[in-house]
Every structure is written in C-alpha cells, then in structure tokens.
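Engineer: Data file data-v6.cif (mmCIF, C-alpha atoms) is appended below.
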```cif
data_input
#
loop_
_atom_site.label_atom_id
_atom_site.label_comp_id
_atom_site.auth_asym_id
_atom_site.auth_seq_id
_atom_site.Cartn_x
_atom_site.Cartn_y
_atom_site.Cartn_z
CA MET A 1358 37.91 7.35 -10.60
CA SER A 1359 38.53 3.86 -11.99
CA VAL A 1360 35.78 1.38 -12.75
CA ASP A 1361 36.75 -0.51 -9.60
CA GLU A 1362 35.91 2.42 -7.33
CA PRO A 1363 32.38 2.88 -5.98
CA THR A 1364 29.92 4.76 -8.16
CA PRO A 1365 27.91 7.48 -6.38
CA SER A 1366 24.46 6.23 -5.47
CA GLY A 1367 22.02 6.68 -8.34
CA ALA A 1368 24.72 7.62 -10.86
CA LEU A 1369 25.69 5.75 -13.99
CA PRO A 1370 29.08 4.03 -13.78
CA THR A 1371 31.87 5.41 -15.95
CA ALA A 1372 35.10 4.06 -17.40
CA GLU A 1373 37.91 5.17 -19.68
CA PHE A 1374 36.78 4.62 -23.26
CA GLY A 1375 39.85 2.71 -24.32
CA SER A 1376 42.81 5.01 -24.98
CA THR A 1377 40.72 7.89 -26.32
CA GLY A 1378 41.19 10.01 -23.21
CA HIS A 1379 37.43 10.21 -22.65
CA ARG A 1380 35.73 8.80 -19.58
CA SER A 1381 32.38 7.59 -20.88
CA THR A 1382 29.29 6.47 -19.05
CA ARG A 1383 29.22 2.70 -19.40
CA VAL A 1384 25.70 3.05 -20.76
CA ILE A 1385 25.99 4.66 -24.21
CA PHE A 1386 22.88 6.17 -25.77
CA GLY A 1387 22.06 4.28 -28.95
CA ALA A 1388 20.68 7.13 -31.05
CA ALA A 1389 19.13 4.69 -33.51
CA ALA A 1390 16.17 5.25 -31.18
CA LEU A 1391 15.78 8.74 -32.65
CA GLY A 1392 15.65 7.58 -36.25
CA GLY A 1393 11.89 7.19 -36.56
CA MET A 1394 10.84 9.82 -34.02
CA SER A 1395 9.33 13.23 -34.52
CA GLN A 1396 11.69 16.08 -33.65
CA GLU A 1397 9.57 16.90 -30.62
CA ARG A 1398 9.85 13.39 -29.21
CA ALA A 1399 13.56 13.23 -30.04
CA ASP A 1400 14.15 16.48 -28.16
CA ALA A 1401 12.29 15.12 -25.14
CA THR A 1402 14.33 11.91 -25.25
CA LEU A 1403 17.60 13.85 -25.38
CA VAL A 1404 16.52 15.87 -22.34
CA ARG A 1405 16.20 12.58 -20.46
CA VAL A 1406 19.55 11.38 -21.77
CA GLN A 1407 21.14 14.52 -20.35
CA GLU A 1408 19.28 14.18 -17.05
CA TRP A 1409 20.55 10.63 -16.68
CA GLY A 1410 24.10 11.89 -17.14
CA ILE A 1411 24.86 9.90 -20.30
CA ASN A 1412 27.89 11.53 -21.93
CA HIS A 1413 28.37 9.29 -24.97
CA ILE A 1414 26.04 9.15 -28.00
CA ASP A 1415 26.25 6.61 -30.81
CA THR A 1416 24.48 7.18 -34.12
CA ALA A 1417 24.98 6.21 -37.78
CA ALA A 1418 24.36 7.57 -41.25
CA SER A 1419 21.92 4.70 -41.85
CA TYR A 1420 19.76 5.26 -38.74
CA GLY A 1421 16.93 7.03 -40.52
CA ALA A 1422 16.66 10.66 -39.36
CA SER A 1423 18.82 10.09 -36.26
CA GLU A 1424 21.64 12.44 -37.24
CA ASP A 1425 19.13 15.14 -38.22
CA ARG A 1426 17.28 14.75 -34.93
CA LEU A 1427 20.53 15.35 -33.02
CA ARG A 1428 21.39 18.60 -34.79
CA GLY A 1429 19.46 21.07 -32.63
CA TRP A 1430 20.49 19.45 -29.37
CA LEU A 1431 24.15 19.31 -30.38
CA ALA A 1432 24.11 23.04 -31.14
CA ASP A 1433 23.95 23.58 -27.37
CA HIS A 1434 25.52 20.40 -26.00
CA ARG A 1435 28.28 19.29 -28.39
CA ARG A 1436 30.98 19.70 -25.74
CA ASP A 1437 29.00 17.63 -23.25
CA VAL A 1438 29.22 14.34 -25.13
CA PHE A 1439 31.52 11.94 -26.91
CA LEU A 1440 29.86 11.78 -30.33
CA ALA A 1441 30.14 8.68 -32.51
CA THR A 1442 28.70 7.89 -35.91
CA LYS A 1443 29.17 5.16 -38.51
CA THR A 1444 29.58 4.64 -42.23
CA GLY A 1445 28.49 1.57 -44.15
CA GLU A 1446 30.74 2.41 -47.10
CA ARG A 1447 33.83 0.33 -47.83
CA ALA A 1448 35.55 2.34 -50.57
CA GLY A 1449 37.50 5.37 -49.43
CA ALA A 1450 35.84 8.11 -51.48
CA ALA A 1451 32.36 6.92 -50.55
CA ALA A 1452 33.24 6.64 -46.85
CA ARG A 1453 34.68 10.17 -46.87
CA ALA A 1454 31.57 11.53 -48.59
CA GLU A 1455 29.26 9.81 -46.10
CA LEU A 1456 31.28 11.18 -43.18
CA GLU A 1457 31.01 14.70 -44.58
CA ARG A 1458 27.24 14.30 -44.97
CA SER A 1459 27.02 13.13 -41.36
CA LEU A 1460 28.91 16.18 -40.13
CA GLU A 1461 26.60 18.43 -42.13
CA ARG A 1462 23.44 16.67 -40.94
CA MET A 1463 24.48 17.01 -37.29
CA GLY A 1464 25.82 20.55 -37.72
CA VAL A 1465 29.22 19.73 -36.21
CA ASP A 1466 32.77 20.22 -37.42
CA HIS A 1467 34.03 16.87 -36.14
CA VAL A 1468 32.97 13.64 -34.45
CA ASP A 1469 34.89 11.89 -31.72
CA LEU A 1470 34.55 8.47 -33.34
CA VAL A 1471 33.61 7.23 -36.80
CA GLN A 1472 33.07 3.49 -37.13
CA LEU A 1473 32.94 1.14 -40.09
CA HIS A 1474 29.45 -0.27 -39.72
CA ASN A 1475 28.96 -4.06 -39.60
CA LEU A 1476 32.30 -5.01 -41.16
CA VAL A 1477 31.98 -8.79 -41.11
CA GLU A 1478 32.01 -10.09 -44.69
CA PRO A 1479 35.51 -10.98 -45.95
CA ASP A 1480 35.02 -9.41 -49.38
CA GLU A 1481 33.92 -6.12 -47.83
CA TRP A 1482 36.79 -6.30 -45.36
CA ASP A 1483 39.27 -6.68 -48.21
CA VAL A 1484 37.97 -3.49 -49.83
CA ALA A 1485 37.96 -1.53 -46.58
CA VAL A 1486 41.56 -2.34 -45.62
CA ALA A 1487 43.05 -2.04 -49.12
CA PRO A 1488 44.76 1.11 -50.42
CA GLY A 1489 42.00 3.53 -51.33
CA GLY A 1490 39.65 1.83 -48.88
CA ALA A 1491 37.51 3.20 -46.08
CA PHE A 1492 40.13 2.84 -43.37
CA GLU A 1493 42.68 4.84 -45.32
CA ALA A 1494 40.13 7.60 -45.99
CA LEU A 1495 38.93 7.77 -42.39
CA PHE A 1496 42.46 7.89 -41.01
CA ALA A 1497 43.12 10.77 -43.39
CA ALA A 1498 39.99 12.46 -42.04
CA ARG A 1499 41.39 11.90 -38.55
CA ASP A 1500 44.63 13.63 -39.55
CA GLU A 1501 42.55 16.57 -40.81
CA GLY A 1502 40.64 16.87 -37.54
CA LEU A 1503 37.26 15.78 -38.91
CA VAL A 1504 37.30 12.76 -36.59
CA ARG A 1505 39.31 12.02 -33.49
CA HIS A 1506 39.21 8.22 -33.61
CA VAL A 1507 38.24 5.35 -35.92
CA GLY A 1508 36.43 2.19 -34.84
CA VAL A 1509 34.63 -0.85 -36.22
CA THR A 1510 31.29 -2.51 -35.48
CA GLY A 1511 29.51 -5.71 -36.43
CA HIS A 1512 26.78 -8.27 -35.84
CA GLY A 1513 26.67 -12.06 -35.92
CA LEU A 1514 28.69 -14.88 -34.45
CA ARG A 1515 31.67 -14.34 -36.77
CA ILE A 1516 32.23 -10.76 -35.72
CA ALA A 1517 34.55 -11.30 -32.75
CA GLY A 1518 36.91 -13.21 -35.02
CA MET A 1519 36.66 -10.55 -37.71
CA HIS A 1520 37.35 -7.82 -35.16
CA LEU A 1521 40.51 -9.66 -34.14
CA ARG A 1522 41.54 -9.68 -37.78
CA THR A 1523 40.83 -5.97 -38.09
CA ILE A 1524 42.74 -4.84 -35.02
CA GLU A 1525 45.80 -6.75 -36.20
CA ARG A 1526 45.85 -4.51 -39.29
CA GLN A 1527 44.24 -1.22 -38.30
CA ASP A 1528 44.70 1.38 -35.58
CA VAL A 1529 41.15 1.27 -34.25
CA ALA A 1530 40.08 2.87 -30.99
CA SER A 1531 37.00 0.73 -30.40
CA VAL A 1532 35.05 -2.33 -31.45
CA LEU A 1533 31.35 -3.11 -31.08
CA LEU A 1534 29.61 -6.51 -31.08
CA PRO A 1535 26.54 -8.31 -29.68
CA VAL A 1536 26.84 -9.70 -26.17
CA ASN A 1537 24.17 -11.34 -24.04
CA PHE A 1538 23.75 -14.53 -22.05
CA VAL A 1539 22.33 -16.78 -24.78
CA LEU A 1540 25.00 -15.74 -27.28
CA LEU A 1541 27.88 -16.25 -24.85
CA ASP A 1542 26.38 -19.60 -23.87
CA ARG A 1543 27.80 -20.85 -27.17
CA PRO A 1544 31.36 -22.06 -26.43
CA ASP A 1545 32.67 -21.08 -29.88
CA PHE A 1546 31.40 -17.51 -29.67
CA ARG A 1547 32.45 -17.13 -26.05
CA ALA A 1548 36.00 -18.25 -26.88
CA ASP A 1549 36.26 -15.68 -29.67
CA VAL A 1550 34.85 -12.93 -27.46
CA GLU A 1551 37.20 -13.73 -24.59
CA ARG A 1552 40.19 -13.62 -26.93
CA LEU A 1553 38.99 -10.32 -28.35
CA LEU A 1554 38.58 -8.88 -24.85
CA GLU A 1555 42.09 -9.95 -23.91
CA VAL A 1556 43.64 -8.29 -26.94
CA CYS A 1557 41.54 -5.13 -26.62
CA THR A 1558 42.44 -4.80 -22.93
CA GLU A 1559 46.13 -5.17 -23.77
CA ARG A 1560 45.95 -2.52 -26.49
CA GLY A 1561 43.61 -0.05 -24.85
CA ILE A 1562 40.76 -0.61 -27.33
CA ALA A 1563 37.26 0.10 -26.02
CA VAL A 1564 34.68 -2.69 -26.31
CA GLN A 1565 31.05 -1.71 -26.86
CA THR A 1566 28.19 -4.21 -26.73
CA ILE A 1567 24.76 -4.30 -28.33
CA LYS A 1568 21.69 -6.55 -28.00
CA ALA A 1569 22.00 -6.90 -24.21
CA ILE A 1570 18.22 -7.11 -23.74
CA ALA A 1571 17.35 -8.95 -26.93
CA LYS A 1572 14.62 -11.56 -26.52
CA GLY A 1573 14.79 -12.85 -30.10
CA ARG A 1574 13.63 -12.12 -33.62
CA TRP A 1575 10.10 -10.95 -34.23
CA HIS A 1576 7.70 -13.62 -35.48
CA ASP A 1577 4.56 -11.54 -36.00
CA GLY A 1578 5.14 -10.97 -39.70
CA THR A 1579 5.34 -7.18 -39.53
CA ASP A 1580 8.15 -4.64 -39.50
CA ARG A 1581 6.25 -2.05 -37.48
CA HIS A 1582 8.54 -2.11 -34.49
CA PHE A 1583 10.94 0.30 -32.79
CA SER A 1584 13.69 -2.33 -32.87
CA TRP A 1585 14.49 -4.95 -35.51
CA TYR A 1586 14.65 -7.56 -32.73
CA GLU A 1587 12.11 -8.18 -29.98
CA PRO A 1588 13.46 -6.83 -26.67
CA LEU A 1589 12.77 -8.01 -23.17
CA THR A 1590 10.24 -5.82 -21.38
CA ASP A 1591 9.94 -7.47 -17.95
CA PRO A 1592 11.78 -5.12 -15.56
CA ALA A 1593 13.48 -7.87 -13.57
CA ALA A 1594 14.65 -9.70 -16.69
CA VAL A 1595 15.90 -6.46 -18.24
CA ALA A 1596 17.81 -5.69 -15.05
CA ARG A 1597 19.49 -9.09 -15.04
CA ALA A 1598 20.40 -8.77 -18.74
CA VAL A 1599 21.93 -5.34 -18.15
CA ARG A 1600 23.84 -6.53 -15.10
CA TYR A 1601 25.10 -9.54 -17.03
CA VAL A 1602 26.92 -7.21 -19.43
CA LEU A 1603 27.99 -4.45 -17.04
CA SER A 1604 29.27 -6.88 -14.42
CA ASP A 1605 32.29 -7.19 -16.74
CA PRO A 1606 34.19 -3.90 -16.24
CA ARG A 1607 35.71 -4.16 -19.72
CA LEU A 1608 32.36 -3.65 -21.44
CA PHE A 1609 30.17 -0.70 -22.41
CA LEU A 1610 26.47 -1.21 -23.13
CA ASN A 1611 24.77 0.55 -26.05
CA THR A 1612 21.06 1.02 -25.44
CA THR A 1613 18.25 -0.42 -27.54
CA SER A 1614 16.49 1.49 -30.30
CA ASP A 1615 13.21 1.08 -28.38
CA ALA A 1616 13.44 4.26 -26.30
CA ARG A 1617 10.52 3.18 -24.10
CA LEU A 1618 12.91 0.78 -22.37
CA LEU A 1619 15.58 3.37 -21.54
CA PRO A 1620 14.34 3.96 -17.96
CA LEU A 1621 14.58 0.24 -17.18
CA ILE A 1622 18.12 0.08 -18.53
CA ILE A 1623 19.21 3.17 -16.62
CA ASP A 1624 17.67 1.93 -13.37
CA ALA A 1625 19.53 -1.36 -13.70
CA ALA A 1626 22.85 0.29 -14.58
CA CYS A 1627 22.64 2.65 -11.59
CA GLY A 1628 22.22 -0.21 -9.15
CA ASP A 1629 24.17 -3.26 -8.03
CA LEU A 1630 26.20 -4.56 -10.98
CA ASP A 1631 27.08 -7.97 -9.57
CA ARG A 1632 26.68 -10.72 -12.16
CA PRO A 1633 23.31 -12.49 -11.87
CA ALA A 1634 23.34 -16.13 -10.88
CA GLU A 1635 23.42 -18.50 -13.83
CA ASP A 1636 20.25 -20.28 -12.73
CA GLU A 1637 18.42 -16.92 -12.82
CA LEU A 1638 19.66 -16.23 -16.33
CA ARG A 1639 18.67 -19.70 -17.52
CA ALA A 1640 15.26 -19.28 -15.94
CA ASP A 1641 14.83 -16.04 -17.91
CA VAL A 1642 15.64 -17.90 -21.12
CA VAL A 1643 12.82 -20.35 -20.42
CA ASP A 1644 10.30 -17.98 -18.83
CA HIS A 1645 10.63 -15.26 -21.48
CA GLY A 1646 11.37 -17.45 -24.50
CA ILE A 1647 14.78 -15.89 -25.19
CA THR A 1648 16.40 -17.19 -28.37
CA PRO A 1649 19.72 -16.31 -30.08
CA LEU A 1650 19.63 -13.56 -32.69
CA PHE A 1651 22.39 -15.31 -34.64
CA ASP A 1652 23.29 -18.94 -35.27
CA ASN A 1653 26.12 -18.96 -37.86
CA GLU A 1654 23.62 -20.29 -40.39
CA THR A 1655 20.21 -18.96 -41.46
CA LEU A 1656 20.10 -16.21 -38.82
CA GLU A 1657 23.58 -14.86 -39.48
CA ARG A 1658 22.61 -12.09 -41.87
CA ILE A 1659 20.27 -9.33 -40.72
#
```
Take the structure in this file and express it as structure tokens.

Structural biologist:
Amino acid sequence: MSVDEPTPSGALPTAEFGSTGHRSTRVIFGAAALGGMSQERADATLVRVQEWGINHIDTAASYGASEDRLRGWLADHRRDVFLATKTGERAGAAARAELERSLERMGVDHVDLVQLHNLVEPDEWDVAVAPGGAFEALFAARDEGLVRHVGVTGHGLRIAGMHLRTIERQDVASVLLPVNFVLLDRPDFRADVERLLEVCTERGIAVQTIKAIAKGRWHDGTDRHFSWYEPLTDPAAVARAVRYVLSDPRLFLNTTSDARLLPLIIDAACGDLDRPAEDELRADVVDHGITPLFDNETLERI
C-alpha cells in the first residue's frame, strides 16, 4: 500500500521509510518520553504504543533512562518494530563505544538505525565526516551488522542546510529536523526545507520531523517539565498541528516527550489528513500564543 492509498479507518497511516525496506507508521514513537518515567509507567506506555500499531521507535543514548526502559519490552517485541537510537559523539571511537552501550542497555544485538544527534555546528560536522570520525565508525558498525542504517538529526533553523551538506558527503538513510507552521512561515527556512525534501525524495532518504505541536519555550523559570518546550494541549489545535505535518506525504512525525499528549496525536493522525486552512493555523498562533522555538539568533542553541 502506498501513502496515496486509503488508510483503513482508525489505523495509523504508513509509508516506506526511505530506501530502508521498512514500511513505518508515519507517527514514530519518540521514546524520549520514557526517559524520566518509572519502569511501570514506561511499560504501560509501551502497551499503548503497541495497541496503536506504532511500529517505529526512536530513542537516544542521551534520553535519560529511555534505552533502559525499553529493554524488557524489546525482549518480547524486538521484531515488531524498527528501532532507532542516536549518538551525540563526533569522534569515531567514542561513537562506536556509545553505540555498543546502547545495544547493551536495550538488550539487543543490533538497531535498525543509528543517528548522529543534532549535527549542526560546522566544527562538529568536520570531526564527524573526517577520517576516524563518527560516520566512518558507524558505517563500519553497519558492515558488521550492529546497525542496518545510519542517519542524522538536528535542531534549529540552520539544520536543513546542514543536512543538505551531510547528504552530499554521506550515505545516510534518514534525516530529522523541526517542522511546524510557525517555523515554515519563515521564507528562508521554508526554502531550505523544500530543497532538502526534493533531494531526499530523489535519493530515497526518509525525512522525520519533530516539534510538530510545539507552542514555544517555557517562561515559568523551572525545568520541571516532561518536554523542554511547551507543547500545545488544546485538542483541536494539536489536531491541526499534526495534520499540518502529515498532510505532506513525504514526512514522518516523531511524537513529543510529553506522553500525556500521545492520545491526541494518535487521534489526529488516524483521521482526515488534509492540510488545515492557513487562516485556521494563523488563528492558532494568536489564540494559543505560539512562538518559534528557533530564530537564528538567541534561540538557536538549545
């Protein structure tokens, strides 16, 4: 079934995840949500993930206890999901060591995708692509069967341009970047994203998105939150934000680290995915006080 064919009523839409050979649900479970949970709550969340039919899980070495929380569930369900993790290391030996720790923490002998996490700064990029860098080490791990594919992720308004630079040099299977209405309302960012989408479509590279339901940065002076950004919580606004992303069949949506909002995201993704009207999206910006997470200046670094 292609993404252009009807999705069964109540089911999550699926699409080929680039050229990996895996058909993923277009909603990918962002397992950062598990990082601060008890094991009991994580297990309950993963039961829901399975019930919803999500077949693609995305975690990272830096997501707190996320990889540990997945271990027990993966013992019984490893074959049911496309499993992705990330490394923040740029040097080859360190990236290899972090990958091996991730495999051990999750109790698996391989992952389907390992991604270089937030590769946006030019100096870090130079290290990662150089001989002895992270890309070389992860491709070697791919040849050994420890990973099936290598990808790259990133935040900020420069990331689409940096991803274009990366895919010109490296054989990546996927990219990941922030996409929502207020970010794409910037002509410069939109132009970079559209160019990236064109190239990725031509080359069979999967495009994952994050921050679909971001409302803005927290301004309450605390860090006691499930997500580093403040998410939308109004069901109708969440639905429009989800539809805005998934109305483009080239995109996958990674869920927020606030697991309380998962049912709203799933409900929206299982329904009509026509793009919301622009006046509705602009009304949400005003009514809910949505602001960009990044601005190429003071908000660029997380």

Engineer: Tell me, in Å to one decimal, how far CA of Ile1385 in chain A is from CA of Val1643 in chain A.

Structural biologist: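 CA of Ile1385 in chain A sits 28.5 Å away from CA of Val1643 in chain A.
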
Engineer: Go ahead and compute the interatomic distance for CA of Gly1573 in chain A and CA of His1645 in chain A, in Å to one decimal.

Structural biologist: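 Between CA of Gly1573 in chain A and CA of His1645 in chain A the gap works out to 9.9 Å.
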
Engineer: Put a box with edges along x, y and z around all the listed atoms of range 1595-1606 of chain A, pad it by 4 Å on each side, then give me its centre and sizes in Å, one decimal, as AutoDock Vina command-line options.

Structural biologist:
```
--center_x 25.0 --center_y -6.7 --center_z -16.9 --size_x 26.3 --size_y 13.6 --size_z 13.0
```

Engineer: Can you list, as a PyMOL selection string, every protein, DNA or RNA residue that comes within 7 Å of Ile1516 in chain A when you count only C-alpha atoms, leaving out same-chain residues fewer than 5 positions away?

Structural biologist: chain A and resi 1477+1511+1534

Engineer: Decode the PyMOL selection byres ((chain A and resi 1491-1497) around 8) for the given file into explicit residues and return them as number ranges by chain.

Structural biologist: A: 1446-1453, 1471, 1473, 1484-1490, 1498-1501, 1504, 1507, 1527
